[in-house]
Structures are given as structure tokens and as C-alpha cells.
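S.K.: Provided herewith: protein_15.tsv, TSV, C-alpha atoms and all ligand atoms.
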```tsv
chain	number	residue	atom	x	y	z
A	21	MET	CA	49.02	36.74	-20.58
A	22	ALA	CA	52.79	37.05	-20.79
A	23	GLU	CA	54.68	34.83	-23.23
A	24	ARG	CA	55.47	31.25	-22.19
A	25	THR	CA	58.49	29.26	-23.34
A	26	LEU	CA	59.66	25.65	-23.04
A	27	VAL	CA	62.83	24.77	-21.16
A	28	LEU	CA	64.18	21.23	-20.95
A	29	VAL	CA	66.93	20.10	-18.61
A	30	LYS	CA	68.29	17.41	-20.91
A	31	PRO	CA	69.48	13.95	-19.77
A	32	ASP	CA	73.03	15.21	-19.15
A	33	GLY	CA	71.73	17.96	-16.85
A	34	VAL	CA	69.58	15.53	-14.84
A	35	GLN	CA	72.36	12.94	-14.63
A	36	ARG	CA	74.87	15.56	-13.49
A	37	GLY	CA	72.58	16.88	-10.77
A	38	LEU	CA	72.16	20.29	-12.38
A	39	VAL	CA	68.35	20.54	-12.34
A	40	GLY	CA	68.38	22.86	-9.34
A	41	GLU	CA	71.15	24.98	-10.83
A	42	VAL	CA	69.14	25.57	-14.02
A	43	ILE	CA	65.95	26.34	-12.11
A	44	THR	CA	67.82	28.71	-9.78
A	45	ARG	CA	69.27	30.68	-12.67
A	46	LEU	CA	65.87	31.14	-14.33
A	47	GLU	CA	64.19	32.01	-11.02
A	48	ARG	CA	66.88	34.55	-10.21
A	49	ARG	CA	66.55	36.12	-13.64
A	50	GLY	CA	62.92	36.81	-12.74
A	51	LEU	CA	60.96	34.44	-14.95
A	52	LYS	CA	57.88	32.76	-13.48
A	53	LEU	CA	57.66	28.95	-13.39
A	54	VAL	CA	54.21	27.87	-14.65
A	55	GLY	CA	54.72	24.15	-15.39
A	56	MET	CA	57.23	21.43	-14.50
A	57	LYS	CA	57.64	17.65	-14.69
A	58	LEU	CA	60.26	14.90	-14.66
A	59	MET	CA	59.63	12.67	-17.66
A	60	GLN	CA	61.04	10.15	-20.08
A	61	VAL	CA	60.87	11.43	-23.67
A	62	SER	CA	59.52	8.87	-26.14
A	63	ASP	CA	61.03	8.37	-29.57
A	64	GLU	CA	57.86	9.84	-31.10
A	65	LEU	CA	57.95	12.98	-28.93
A	66	ALA	CA	61.67	13.47	-29.62
A	67	ARG	CA	61.09	13.29	-33.38
A	68	GLN	CA	58.21	15.78	-33.16
A	69	HIS	CA	60.12	18.16	-30.91
A	70	TYR	CA	63.24	18.15	-33.10
A	71	GLY	CA	61.35	17.80	-36.41
A	72	GLU	CA	63.07	20.82	-37.98
A	73	HIS	CA	66.40	18.94	-37.76
A	74	VAL	CA	65.23	15.66	-39.35
A	75	ASP	CA	67.61	15.97	-42.32
A	76	ARG	CA	70.70	16.96	-40.31
A	77	PRO	CA	73.50	14.42	-39.79
A	78	PHE	CA	73.22	14.71	-35.99
A	79	PHE	CA	69.47	14.00	-35.89
A	80	GLY	CA	69.73	10.30	-35.01
A	81	GLY	CA	72.20	10.94	-32.22
A	82	LEU	CA	70.11	13.82	-30.92
A	83	VAL	CA	66.96	11.67	-30.69
A	84	GLN	CA	68.95	8.87	-29.04
A	85	PHE	CA	70.44	11.30	-26.51
A	86	ILE	CA	67.21	13.07	-25.53
A	87	THR	CA	65.45	9.71	-25.02
A	88	SER	CA	68.36	8.09	-23.15
A	89	SER	CA	67.45	9.13	-19.59
A	90	PRO	CA	64.83	11.34	-17.86
A	91	ILE	CA	64.54	15.05	-18.53
A	92	VAL	CA	62.85	17.88	-16.66
A	93	ALA	CA	60.38	19.84	-18.79
A	94	MET	CA	59.39	23.31	-17.66
A	95	ALA	CA	57.29	26.19	-18.91
A	96	TRP	CA	58.49	29.66	-17.90
A	97	GLU	CA	56.60	32.92	-18.30
A	98	ALA	CA	57.77	36.50	-18.90
A	99	ASN	CA	57.48	39.23	-21.48
A	100	ASN	CA	59.84	38.03	-24.26
A	101	ALA	CA	60.29	34.74	-22.38
A	102	ALA	CA	61.88	32.85	-25.31
A	103	GLU	CA	64.50	35.52	-25.95
A	104	ILE	CA	65.30	35.96	-22.26
A	105	VAL	CA	65.73	32.20	-21.73
A	106	ARG	CA	67.96	31.92	-24.82
A	107	SER	CA	70.24	34.68	-23.54
A	108	THR	CA	70.43	33.01	-20.11
A	109	MET	CA	71.28	29.64	-21.79
A	110	GLY	CA	74.03	30.88	-24.13
A	111	GLN	CA	74.95	29.61	-27.61
A	112	THR	CA	74.10	26.15	-28.97
A	113	ASN	CA	77.74	25.12	-28.59
A	114	PRO	CA	78.89	25.49	-24.97
A	115	ALA	CA	82.43	26.01	-26.26
A	116	ASN	CA	81.26	29.32	-27.81
A	117	SER	CA	79.01	30.36	-24.94
A	118	PRO	CA	80.09	33.25	-22.76
A	119	ALA	CA	80.84	32.72	-19.10
A	120	GLY	CA	77.78	33.64	-17.10
A	121	THR	CA	75.45	31.59	-19.29
A	122	ILE	CA	74.18	28.11	-18.38
A	123	ARG	CA	75.94	26.40	-21.29
A	124	GLY	CA	79.07	28.55	-20.98
A	125	ASP	CA	79.48	27.87	-17.28
A	126	LEU	CA	78.48	24.21	-17.19
A	127	GLY	CA	79.34	22.56	-20.52
A	128	ILE	CA	82.04	22.07	-23.16
A	129	ASP	CA	80.42	19.91	-25.89
A	130	ILE	CA	77.63	20.70	-28.40
A	131	GLY	CA	76.15	17.22	-27.98
A	132	ARG	CA	75.92	17.68	-24.19
A	133	ASN	CA	74.63	21.23	-23.90
A	134	LEU	CA	72.42	20.61	-20.87
A	135	VAL	CA	69.33	22.61	-21.73
A	136	HIS	CA	66.79	23.32	-24.43
A	137	GLY	CA	65.03	26.64	-24.86
A	138	SER	CA	62.49	27.48	-27.57
A	139	ASP	CA	64.03	29.73	-30.24
A	140	SER	CA	61.04	32.06	-30.88
A	141	PRO	CA	57.56	32.81	-29.48
A	142	GLU	CA	56.08	30.66	-32.27
A	143	SER	CA	58.33	27.68	-31.47
A	144	ALA	CA	57.60	28.24	-27.80
A	145	GLU	CA	53.86	27.92	-28.26
A	146	ARG	CA	54.24	24.75	-30.33
A	147	GLU	CA	56.74	23.18	-27.93
A	148	VAL	CA	54.92	24.07	-24.69
A	149	ASN	CA	51.80	22.42	-26.14
A	150	LEU	CA	53.83	19.37	-27.17
A	151	PHE	CA	55.11	18.77	-23.63
A	152	PHE	CA	52.21	20.02	-21.48
A	153	ARG	CA	48.45	19.56	-21.35
A	154	PRO	CA	46.55	22.82	-20.69
A	155	GLU	CA	45.68	21.81	-17.11
A	156	GLU	CA	49.38	21.27	-16.33
A	157	LEU	CA	50.09	24.98	-16.87
A	158	LEU	CA	49.20	27.13	-13.88
A	159	SER	CA	48.31	30.81	-13.59
A	160	TYR	CA	49.10	32.50	-10.30
A	161	GLU	CA	50.20	35.83	-8.87
A	162	ARG	CA	53.62	36.45	-7.37
A	163	ALA	CA	53.75	38.96	-4.52
A	164	MET	CA	57.18	40.18	-5.66
A	165	GLU	CA	56.13	40.82	-9.28
A	166	PRO	CA	56.34	44.66	-9.00
A	167	TRP	CA	59.93	44.27	-7.80
A	168	ILE	CA	60.81	42.44	-11.03
A	169	VAL	CA	58.74	44.24	-13.68
A	170	GLU	CA	57.83	47.93	-13.50
B	1	LIG	P1	69.54	24.93	-29.83
B	1	LIG	O1	69.39	23.78	-28.86
B	1	LIG	O2	70.52	25.95	-29.33
B	1	LIG	O3	68.21	25.54	-30.21
B	1	LIG	P2	69.54	23.72	-32.48
B	1	LIG	O4	68.05	23.86	-32.47
B	1	LIG	O5	70.27	24.27	-33.66
B	1	LIG	O6	70.20	24.35	-31.15
B	1	LIG	O7	69.92	22.18	-32.37
B	1	LIG	C1	69.23	21.34	-31.47
B	1	LIG	C2	70.24	20.49	-30.73
B	1	LIG	O8	70.92	19.64	-31.66
B	1	LIG	C3	71.34	21.29	-30.04
B	1	LIG	O9	70.95	21.71	-28.75
B	1	LIG	C4	72.45	20.28	-29.98
B	1	LIG	C5	72.26	19.47	-31.26
B	1	LIG	N1	73.12	19.99	-32.33
B	1	LIG	C6	72.93	21.11	-33.05
B	1	LIG	N2	73.90	21.30	-33.94
B	1	LIG	C7	74.73	20.23	-33.81
B	1	LIG	C8	75.93	19.82	-34.44
B	1	LIG	N3	76.47	20.54	-35.41
B	1	LIG	N4	76.50	18.67	-34.02
B	1	LIG	C9	75.96	17.94	-33.03
B	1	LIG	N5	74.83	18.27	-32.39
B	1	LIG	C10	74.22	19.40	-32.76
B	2	MG	MG	66.69	24.86	-31.36
```
Rewrite the structure of this file - the entire thing - as C-alpha cells.

M.R.:
Amino acid sequence: MAERTLVLVKPDGVQRGLVGEVITRLERRGLKLVGMKLMQVSDELARQHYGEHVDRPFFGGLVQFITSSPIVAMAWEANNAAEIVRSTMGQTNPANSPAGTIRGDLGIDIGRNLVHGSDSPESAEREVNLFFRPEELLSYERAMEPWIVE
């Protein structure tokens, strides 16, 4: 199976009506959507998801932000899915993100950077399993696959 990675449209993206925009960009890139749900992140899930940042000064604000309003969680599949999503998203700080990326085109502030994407295949596996039960992830064929991947 191809690699799967976690994408979140964060509360700012949902509130600003940019869910479709994010999905469209990932669909157009060629990734395959294999899981998706609108959900409210609990404090516990937020702390698990962002566990690597627990000692950073922005951790409290980050947990507060991600739990402040619904998010859309998605699993996307491709060879090198994590890397491809990260390049489509741009840099952590939208101010440093090139035009043409999600964060570079749609944001200006590091604390409102619209999307999350797993930073490696290992993080992706951990994070997809944190947000989705196995039966929520679907396997299916796309008729256009040979027009995306040789
Ligand atoms: P990324 O989301 O690009 O993987 P990260 O894992 O380093 O970035 O940090 C997670 C989130 O924390 C990031 O999307 C926004 C927030 N964040 C990171 N660095 C920050 C900082 N210096 N000040 C405020 N928020 C920050
Ligand atoms: Mg990260």
C-alpha cells in the first residue's frame, strides 16, 4: 500500500470556509483521499498529537487553538505522501511560505497557519492512527490512477 499521511484543516481554515480549497489543492496534486471527518479535538487528543512540542512556550496556546472550534481530519495516500503534502502546504510560518503553497497563499501568521501535515512517514503513521480507526480508512481504486502515476 502507498504511504498515508494526516492532514488537518485547523479551526481557522474551517472558520474561514477554506475546507474545500484545501481539499481541492490536494486532489489536484493527485493524492488520493482515504479518510475524512469533521470533528472537535479534545484536550487529550491535542496534547497527544502535539506531544513533541510540550516544552515549547507556544504549547498552551497551540492546544487552546486546535481545540477551539471544529477541524477537518483527513488521510491522504500517495508514494511519499508526507513529503508531497508538506511541499503543497509550505513552511510552518505562512509569512515565509512561497506563493503557490496553501500557507503562502492563504495565511500570514504562524499561529493561524490553516493546516497540519505529518512531517515524516513515521509521524504520519502515528498521527493517522491517532485520528482514525482502521475501519474509517478506505481502500479503493481510482480509474484515473494511470494518468497520475506511471
Ligand atoms: P508544522 O505545523 O509546520 O509541522 P511544528 O510541528 O514545528 O510546525 O509546530 C506545530 C504548530 O505549532 C505549527 O503549525 C504552529 C505552531 N508553532 C510552531 N512554532 C511556533 C512559534 N514559534 N510560535 C507560535 N506557534 C508556533
Ligand atoms: Mg509538525

S.K.: Just want the residues within 9 Å of ligand MG 2 (chain B), written as a PyMOL selection string, counting only C-alpha atoms and all ligand atoms.

M.R.: chain A and resi 70+72-73+112+136-139+143

S.K.: What does the list of residues within 9 Å of ligand LIG 1 (chain B) look like if you count only C-alpha atoms and all ligand atoms, written as a PyMOL selection string?

M.R.: chain A and resi 70+72-73+76-79+81-83+106+109-113+129-139

S.K.: Is it possible to get the residues within 10 Å of (58.0, 19.7, -27.6) (coordinates as in the file, counting all atoms listed in the file) written as a VMD selection string?

M.R.: chain A and resid 26 to 28 61 65 to 71 93 138 143 to 152

S.K.: Please identify all polymer residues within 9 Å of Leu51 (chain A), counting all atoms listed in the file, omitting same-chain residues fewer than 4 positions from it, and present them as an MDAnalysis selection string.

M.R.: chainID A and resid 46:47 96:99 101 104:105 168

S.K.: As an exercise, work out the distance from CA of Ala119 (chain A) to CA of Leu53 (chain A) in Å and give it to one decimal place.

M.R.: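 It comes out at 24.2 Å.
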
S.K.: Would you pick out the contacts of Leu157 (chain A) at 9 Å or less, using all atoms listed in the file, so that residues sharing its chain but fewer than 5 positions from it are not included, and give the list as a PyMOL selection string?

M.R.: chain A and resi 54-56+95+152

S.K.: Find the residue from A:Glu155, A:Glu142, A:Glu161, A:Asp125 that sits nearest to Glu41 (chain A); use all atoms listed in the file when measuring.

M.R.: A:Asp125

S.K.: In Å to one decimal, how far is CA of Val92 (chain A) from CA of Ser140 (chain A)?

M.R.: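 Interatomic distance, CA of Ser140 (chain A) to CA of Val92 (chain A): 20.2 Å.
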
S.K.: Check the smallest atom-to-atom distance from each of A:Pro90, A:Gly37, A:Gly124, A:Gly50 to Arg162 (chain A) using all atoms listed in the file, then report the winner.

M.R.: A:Gly50

S.K.: Enclose the full set of atoms of region 141-154 of chain A listed in the file within a box whose edges lie along x, y and z, apply 5 Å of padding to each of the six sides, and report centre and edge lengths in Å to one decimal as JSON.

M.R.:
```
{"center_x": 52.4, "center_y": 25.8, "center_z": -26.5, "size_x": 21.8, "size_y": 24.0, "size_z": 21.6}
```

S.K.: In Å, rounded to a single decimal, give me how far CA of Asn100 (chain A) is from CA of Thr25 (chain A).

M.R.: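 Computed distance, CA of Thr25 (chain A) to CA of Asn100 (chain A), equals 8.9 Å.
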
S.K.: With distances taken over all atoms listed in the file, which residue among A:Pro141, A:Gly40, A:Pro154, A:Pro166 lies nearest Ala22 (chain A)?

M.R.: A:Pro141
